[in-house]
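Okay, run-v9.pdb now, which holds PDB, C-alpha atoms, pLDDT in the B column:
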MODEL        1
ATOM      1  CA  MET N 801      -4.467  -5.840   5.328  1.00 52.00           C
ATOM      2  CA  ALA N 802      -4.095  -7.784   8.530  1.00 55.00           C
ATOM      3  CA  SER N 803      -4.524  -4.851  10.883  1.00 57.00           C
ATOM      4  CA  HIS N 804      -3.333  -6.900  13.868  1.00 60.00           C
ATOM      5  CA  ALA N 805       0.167  -6.866  12.337  1.00 63.00           C
ATOM      6  CA  ILE N 806       0.333  -3.088  12.611  1.00 66.00           C
ATOM      7  CA  SER N 807      -1.742  -2.740  15.746  1.00 64.00           C
ATOM      8  CA  HIS N 808      -0.277   0.615  16.773  1.00 74.00           C
ATOM      9  CA  HIS N 809      -1.735   2.149  13.602  1.00 75.00           C
ATOM     10  CA  VAL N 810      -5.342   2.853  12.700  1.00 79.00           C
ATOM     11  CA  VAL N 811      -5.980   0.857   9.540  1.00 83.00           C
ATOM     12  CA  SER N 812      -8.751   1.918   7.173  1.00 87.00           C
ATOM     13  CA  ASN N 813      -9.827   0.662   3.796  1.00 86.00           C
ATOM     14  CA  ALA N 814     -10.559   3.135   0.989  1.00 86.00           C
ATOM     15  CA  ASP N 815     -13.860   1.418   0.235  1.00 87.00           C
ATOM     16  CA  ASP N 816     -14.936   1.654   3.881  1.00 90.00           C
ATOM     17  CA  LEU N 817     -14.222   5.399   3.755  1.00 91.00           C
ATOM     18  CA  GLU N 818     -16.118   5.655   0.455  1.00 91.00           C
ATOM     19  CA  TRP N 819     -12.904   6.662  -1.305  1.00 89.00           C
ATOM     20  CA  GLY N 820     -12.898   3.654  -3.636  1.00 84.00           C
ATOM     21  CA  ARG N 821     -13.832   5.720  -6.686  1.00 89.00           C
ATOM     22  CA  LEU N 822     -11.312   8.488  -6.092  1.00 87.00           C
ATOM     23  CA  GLU N 823      -8.379   8.876  -8.444  1.00 84.00           C
ATOM     24  CA  THR N 824      -4.931   8.340  -6.915  1.00 74.00           C
ATOM     25  CA  GLY N 825      -4.201  12.029  -6.361  1.00 81.00           C
ATOM     26  CA  GLU N 826      -7.627  12.553  -4.822  1.00 88.00           C
ATOM     27  CA  SER N 827      -7.289   9.610  -2.432  1.00 86.00           C
ATOM     28  CA  LEU N 828      -3.820  10.768  -1.438  1.00 88.00           C
ATOM     29  CA  ALA N 829      -5.132  14.277  -0.734  1.00 89.00           C
ATOM     30  CA  ALA N 830      -8.137  12.878   1.165  1.00 93.00           C
ATOM     31  CA  ALA N 831      -5.916  10.629   3.286  1.00 92.00           C
ATOM     32  CA  GLU N 832      -3.547  13.473   4.040  1.00 92.00           C
ATOM     33  CA  TYR N 833      -6.430  15.836   4.897  1.00 94.00           C
ATOM     34  CA  ALA N 834      -7.951  13.157   7.174  1.00 94.00           C
ATOM     35  CA  GLY N 835      -4.677  12.956   9.091  1.00 93.00           C
ATOM     36  CA  PHE N 836      -3.421   9.573   7.925  1.00 93.00           C
ATOM     37  CA  ASN N 837       0.334   9.062   8.168  1.00 92.00           C
ATOM     38  CA  VAL N 838       0.760   6.424   5.461  1.00 92.00           C
ATOM     39  CA  LEU N 839      -1.023   5.566   2.224  1.00 89.00           C
ATOM     40  CA  LEU N 840      -0.498   1.882   1.416  1.00 88.00           C
ATOM     41  CA  THR N 841      -1.397   1.212  -2.213  1.00 86.00           C
ATOM     42  CA  ALA N 842      -1.084  -1.347  -4.963  1.00 82.00           C
ATOM     43  CA  ASP N 843      -1.150   1.400  -7.605  1.00 81.00           C
ATOM     44  CA  LYS N 844       2.117   0.988  -9.474  1.00 79.00           C
ATOM     45  CA  ASN N 845       1.551   4.322 -11.245  1.00 79.00           C
ATOM     46  CA  LEU N 846       1.669   6.278  -7.992  1.00 78.00           C
ATOM     47  CA  ARG N 847       5.387   6.973  -8.291  1.00 75.00           C
ATOM     48  CA  HIS N 848       4.838   8.522 -11.715  1.00 78.00           C
ATOM     49  CA  GLN N 849       1.784  10.576 -10.741  1.00 81.00           C
ATOM     50  CA  GLN N 850       2.594  11.939  -7.285  1.00 80.00           C
ATOM     51  CA  ARG N 851       5.665  13.421  -5.616  1.00 76.00           C
ATOM     52  CA  PRO N 852       6.182  12.757  -1.913  1.00 75.00           C
ATOM     53  CA  SER N 853       8.214  15.894  -1.219  1.00 78.00           C
ATOM     54  CA  GLY N 854       6.337  18.527   0.717  1.00 81.00           C
ATOM     55  CA  ARG N 855       3.668  16.096   1.889  1.00 87.00           C
ATOM     56  CA  ARG N 856       2.847  15.131   5.457  1.00 90.00           C
ATOM     57  CA  ILE N 857       1.892  11.615   4.396  1.00 92.00           C
ATOM     58  CA  ALA N 858       4.186   8.732   3.455  1.00 92.00           C
ATOM     59  CA  MET N 859       3.458   6.531   0.461  1.00 90.00           C
ATOM     60  CA  VAL N 860       4.134   2.794   0.433  1.00 91.00           C
ATOM     61  CA  GLU N 861       3.510   0.983  -2.842  1.00 89.00           C
ATOM     62  CA  LEU N 862       3.156  -2.766  -3.073  1.00 85.00           C
ATOM     63  CA  GLY N 863       3.546  -4.543  -6.350  1.00 75.00           C
ATOM     64  CA  HIS N 864       1.792  -7.796  -7.240  1.00 70.00           C
ATOM     65  CA  SER N 865      -0.411  -7.546  -4.203  1.00 74.00           C
ATOM     66  CA  PRO N 866      -3.530  -9.666  -4.545  1.00 80.00           C
ATOM     67  CA  TRP N 867      -4.451 -10.687  -1.005  1.00 79.00           C
ATOM     68  CA  PRO N 868      -3.528 -14.394  -1.385  1.00 81.00           C
ATOM     69  CA  LEU N 869       0.064 -13.275  -2.095  1.00 83.00           C
ATOM     70  CA  ALA N 870       0.162 -10.236   0.189  1.00 83.00           C
ATOM     71  CA  ARG N 871      -0.980 -12.210   3.229  1.00 83.00           C
ATOM     72  CA  LEU N 872       2.195 -14.276   2.980  1.00 85.00           C
ATOM     73  CA  HIS N 873       4.233 -11.083   3.417  1.00 85.00           C
ATOM     74  CA  VAL N 874       2.366  -9.261   6.194  1.00 85.00           C
ATOM     75  CA  PRO N 875       5.493  -8.896   8.376  1.00 86.00           C
ATOM     76  CA  ASP N 876       7.359  -7.221   5.483  1.00 86.00           C
ATOM     77  CA  ILE N 877       4.395  -4.954   4.733  1.00 87.00           C
ATOM     78  CA  ALA N 878       4.103  -4.015   8.414  1.00 87.00           C
ATOM     79  CA  ALA N 879       7.837  -3.230   8.517  1.00 89.00           C
ATOM     80  CA  ALA N 880       7.477  -0.927   5.487  1.00 89.00           C
ATOM     81  CA  VAL N 881       4.533   0.881   7.090  1.00 89.00           C
ATOM     82  CA  ASN N 882       6.293   1.138  10.449  1.00 89.00           C
ATOM     83  CA  SER N 883       9.445   2.600   8.905  1.00 91.00           C
ATOM     84  CA  ALA N 884       7.641   5.115   6.678  1.00 91.00           C
ATOM     85  CA  THR N 885       8.298   8.769   7.453  1.00 92.00           C
ATOM     86  CA  PRO N 886       6.450  11.893   6.292  1.00 92.00           C
ATOM     87  CA  ALA N 887       7.093  12.793   2.651  1.00 91.00           C
ATOM     88  CA  SER N 888       8.727   9.430   1.964  1.00 91.00           C
ATOM     89  CA  TYR N 889       8.018   6.984  -0.819  1.00 90.00           C
ATOM     90  CA  SER N 890       8.919   3.331  -0.732  1.00 89.00           C
ATOM     91  CA  GLU N 891       8.023   0.350  -2.810  1.00 85.00           C
ATOM     92  CA  GLY N 892       7.999  -3.300  -2.001  1.00 78.00           C
ATOM     93  CA  GLU N 893       7.702  -6.081  -4.464  1.00 76.00           C
ATOM     94  CA  ILE N 894       5.671  -9.096  -3.442  1.00 80.00           C
ATOM     95  CA  PRO N 895       7.035 -12.022  -5.422  1.00 76.00           C
ATOM     96  CA  LEU N 896       4.602 -13.792  -7.693  1.00 74.00           C
ATOM     97  CA  SER N 897       4.035 -17.465  -7.021  1.00 68.00           C
ATOM     98  CA  PRO N 898       6.007 -19.707  -9.336  1.00 64.00           C
ATOM     99  CA  LYS N 899       3.876 -20.883 -12.203  1.00 60.00           C
ATOM    100  CA  LYS N 900       3.055 -24.564 -12.262  1.00 57.00           C
ATOM    101  CA  PRO N 901       4.301 -26.303 -15.395  1.00 58.00           C
ATOM    102  CA  PHE N 902       1.764 -27.655 -17.815  1.00 55.00           C
ATOM    103  CA  PRO N 903       1.166 -31.366 -17.297  1.00 60.00           C
ATOM    104  CA  ALA N 904       2.946 -33.609 -19.754  1.00 58.00           C
ATOM    105  CA  SER N 905       0.652 -34.924 -22.443  1.00 53.00           C
TER
ENDMDL
END

As structure tokens - that is how I would like this structure written.
Amino acid sequence: MASHAISHHVVSNADDLEWGRLETGESLAAAEYAGFNVLLTADKNLRHQQRPSGRRIAMVELGHSPWPLARLHVPDIAAAVNSATPASYSEGEIPLSPKKPFPAS
């Protein structure tokens, strides 16, 4: 994530924190325990596995978020992170690039 876009937040990567192998619930608990305010994830199963109520951390899910697509939507992602409140869940869909037609033979 382009951390300069959300400069008033501390941005950490799960791999940098050695959380890359944690299951979703474990990473959410670890982030909450570490004092993070928002978990930004591409895990589309999060909404089915975890409930935001009663949590101190907000969850923001991004769909279709490989970096080449996500980087085109950094302002929208930053807005979602900035508007997140404790125990909230929001999802944002990053549109897939239109597929190029096959060349005519």

Between N:Asn837, N:Ser888, N:Gln850, N:Asn845, which has the minimum distance to Leu862 (chain N) (counting all atoms listed in the file)?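 Using all atoms listed in the file, the shortest distance to Leu862 (chain N) belongs to N:Asn845.
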
Expand the PyMOL selection byres ((chain N and resi 831) around 12) into the explicit residue set it covers here, and present it as a ChimeraX atom specification. /N:811-814,817-819,822,824-830,832-841,855-859

Writing out the chosen residues with C-alpha atoms as an mmCIF file, in the frame of the given file:
data_model
loop_
_atom_site.group_PDB
_atom_site.id
_atom_site.type_symbol
_atom_site.label_atom_id
_atom_site.label_comp_id
_atom_site.auth_asym_id
_atom_site.auth_seq_id
_atom_site.Cartn_x
_atom_site.Cartn_y
_atom_site.Cartn_z
ATOM 1 C CA VAL N 811 -5.980 0.857 9.540
ATOM 2 C CA SER N 812 -8.751 1.918 7.173
ATOM 3 C CA ASN N 813 -9.827 0.662 3.796
ATOM 4 C CA ALA N 814 -10.559 3.135 0.989
ATOM 5 C CA LEU N 817 -14.222 5.399 3.755
ATOM 6 C CA GLU N 818 -16.118 5.655 0.455
ATOM 7 C CA TRP N 819 -12.904 6.662 -1.305
ATOM 8 C CA LEU N 822 -11.312 8.488 -6.092
ATOM 9 C CA THR N 824 -4.931 8.340 -6.915
ATOM 10 C CA GLY N 825 -4.201 12.029 -6.361
ATOM 11 C CA GLU N 826 -7.627 12.553 -4.822
ATOM 12 C CA SER N 827 -7.289 9.610 -2.432
ATOM 13 C CA LEU N 828 -3.820 10.768 -1.438
ATOM 14 C CA ALA N 829 -5.132 14.277 -0.734
ATOM 15 C CA ALA N 830 -8.137 12.878 1.165
ATOM 16 C CA GLU N 832 -3.547 13.473 4.040
ATOM 17 C CA TYR N 833 -6.430 15.836 4.897
ATOM 18 C CA ALA N 834 -7.951 13.157 7.174
ATOM 19 C CA GLY N 835 -4.677 12.956 9.091
ATOM 20 C CA PHE N 836 -3.421 9.573 7.925
ATOM 21 C CA ASN N 837 0.334 9.062 8.168
ATOM 22 C CA VAL N 838 0.760 6.424 5.461
ATOM 23 C CA LEU N 839 -1.023 5.566 2.224
ATOM 24 C CA LEU N 840 -0.498 1.882 1.416
ATOM 25 C CA THR N 841 -1.397 1.212 -2.213
ATOM 26 C CA ARG N 855 3.668 16.096 1.889
ATOM 27 C CA ARG N 856 2.847 15.131 5.457
ATOM 28 C CA ILE N 857 1.892 11.615 4.396
ATOM 29 C CA ALA N 858 4.186 8.732 3.455
ATOM 30 C CA MET N 859 3.458 6.531 0.461
#

Shell of 10 Å around Asp843 (chain N), all atoms listed in the file, local chain residues under 4 positions omitted, as a list in words: Thr824, Arg847, Val860, Glu861, Leu862, Gly863, His864 and Ser865 of chain N

Residue selection dump (C-alpha atoms) as a PDB file, keeping the file's coordinate frame:
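Output below, filename selection.pdb:
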ATOM      1  CA  THR N 824      -4.931   8.340  -6.915  1.00 74.00           C
ATOM      2  CA  ARG N 847       5.387   6.973  -8.291  1.00 75.00           C
ATOM      3  CA  VAL N 860       4.134   2.794   0.433  1.00 91.00           C
ATOM      4  CA  GLU N 861       3.510   0.983  -2.842  1.00 89.00           C
ATOM      5  CA  LEU N 862       3.156  -2.766  -3.073  1.00 85.00           C
ATOM      6  CA  GLY N 863       3.546  -4.543  -6.350  1.00 75.00           C
ATOM      7  CA  HIS N 864       1.792  -7.796  -7.240  1.00 70.00           C
ATOM      8  CA  SER N 865      -0.411  -7.546  -4.203  1.00 74.00           C
TER       9      SER N 865
END

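Note that CA of Ser853 (chain N) and CA of Ala887 (chain N) are 5.1 Å apart.
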
Looking at all atoms listed in the file, which of N:His808, N:Ala870, N:Pro875, N:Lys844 is the one that sits closest to Glu891 (chain N)?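 The closest residue to Glu891 (chain N) is N:Lys844.
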
When you draw a straight line from CA of Gly854 (chain N) to CA of Asn882 (chain N), how long is it in Å?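 That distance, rounded to one decimal, is 19.9 Å.
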
Tell me, in Å to one decimal, how far CA of Pro868 (chain N) is from CA of Val881 (chain N).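 Interatomic distance, CA of Pro868 (chain N) to CA of Val881 (chain N): 19.2 Å.
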
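Proximity of N:Ala842, N:Trp867, N:Arg821, N:Asp816 to Glu893 (chain N), computed with all atoms listed in the file, is greatest for N:Ala842.
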
Missing atoms in region 827-857 of chain N need filling: write out N, CA and C atoms for it as a compact mmCIF listing (two decimals), keeping the file's coordinate frame.
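Listed below is the output, rebuild.txt:
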# COMPACT_ATOMS: atom_id res chain seq x y z
N SER N 827 -7.33 10.44 -3.64
CA SER N 827 -7.29 9.61 -2.43
C SER N 827 -6.09 9.98 -1.57
N LEU N 828 -4.99 10.33 -2.19
CA LEU N 828 -3.82 10.77 -1.44
C LEU N 828 -4.12 12.07 -0.69
N ALA N 829 -4.76 13.01 -1.37
CA ALA N 829 -5.13 14.28 -0.73
C ALA N 829 -6.15 14.05 0.38
N ALA N 830 -7.12 13.17 0.14
CA ALA N 830 -8.14 12.88 1.16
C ALA N 830 -7.50 12.23 2.39
N ALA N 831 -6.59 11.30 2.17
CA ALA N 831 -5.92 10.63 3.29
C ALA N 831 -5.07 11.61 4.08
N GLU N 832 -4.37 12.47 3.38
CA GLU N 832 -3.55 13.47 4.04
C GLU N 832 -4.42 14.45 4.84
N TYR N 833 -5.51 14.91 4.24
CA TYR N 833 -6.43 15.84 4.90
C TYR N 833 -7.06 15.19 6.14
N ALA N 834 -7.35 13.87 6.05
CA ALA N 834 -7.95 13.16 7.17
C ALA N 834 -6.95 12.85 8.29
N GLY N 835 -5.68 13.15 8.06
CA GLY N 835 -4.68 12.96 9.09
C GLY N 835 -3.97 11.62 9.09
N PHE N 836 -4.14 10.85 8.01
CA PHE N 836 -3.42 9.57 7.92
C PHE N 836 -1.93 9.84 7.75
N ASN N 837 -1.12 8.93 8.26
CA ASN N 837 0.33 9.06 8.17
C ASN N 837 0.91 8.34 6.96
N VAL N 838 0.24 7.27 6.54
CA VAL N 838 0.76 6.42 5.46
C VAL N 838 -0.38 6.03 4.53
N LEU N 839 -0.12 6.11 3.22
CA LEU N 839 -1.02 5.57 2.22
C LEU N 839 -0.36 4.31 1.68
N LEU N 840 -0.98 3.17 1.91
CA LEU N 840 -0.50 1.88 1.42
C LEU N 840 -1.33 1.56 0.18
N THR N 841 -0.68 1.38 -0.95
CA THR N 841 -1.40 1.21 -2.21
C THR N 841 -0.77 0.14 -3.08
N ALA N 842 -1.58 -0.41 -3.95
CA ALA N 842 -1.08 -1.35 -4.96
C ALA N 842 -0.95 -0.66 -6.32
N ASP N 843 -1.20 0.63 -6.36
CA ASP N 843 -1.15 1.40 -7.60
C ASP N 843 0.30 1.62 -8.02
N LYS N 844 0.73 0.89 -9.02
CA LYS N 844 2.12 0.99 -9.47
C LYS N 844 2.39 2.27 -10.25
N ASN N 845 1.36 3.05 -10.56
CA ASN N 845 1.55 4.32 -11.24
C ASN N 845 1.75 5.47 -10.27
N LEU N 846 1.57 5.22 -8.99
CA LEU N 846 1.67 6.28 -7.99
C LEU N 846 2.98 7.04 -8.10
N ARG N 847 4.07 6.33 -8.25
CA ARG N 847 5.39 6.97 -8.29
C ARG N 847 5.53 7.92 -9.48
N HIS N 848 4.77 7.67 -10.53
CA HIS N 848 4.84 8.52 -11.72
C HIS N 848 3.85 9.69 -11.65
N GLN N 849 2.84 9.57 -10.80
CA GLN N 849 1.78 10.58 -10.74
C GLN N 849 1.93 11.55 -9.57
N GLN N 850 2.56 11.13 -8.50
CA GLN N 850 2.59 11.94 -7.28
C GLN N 850 4.04 12.07 -6.78
N ARG N 851 4.35 13.18 -6.21
CA ARG N 851 5.66 13.42 -5.62
C ARG N 851 5.50 13.48 -4.10
N PRO N 852 6.32 12.76 -3.37
CA PRO N 852 6.18 12.76 -1.91
C PRO N 852 6.70 14.02 -1.24
N SER N 853 7.62 14.73 -1.88
CA SER N 853 8.21 15.89 -1.22
C SER N 853 7.16 16.94 -0.90
N GLY N 854 7.26 17.50 0.28
CA GLY N 854 6.34 18.53 0.72
C GLY N 854 5.04 17.99 1.31
N ARG N 855 4.88 16.70 1.34
CA ARG N 855 3.67 16.10 1.89
C ARG N 855 3.88 15.70 3.35
N ARG N 856 2.78 15.61 4.07
CA ARG N 856 2.85 15.13 5.46
C ARG N 856 2.66 13.62 5.51
N ILE N 857 2.22 13.03 4.43
CA ILE N 857 1.89 11.62 4.40
C ILE N 857 3.01 10.84 3.68
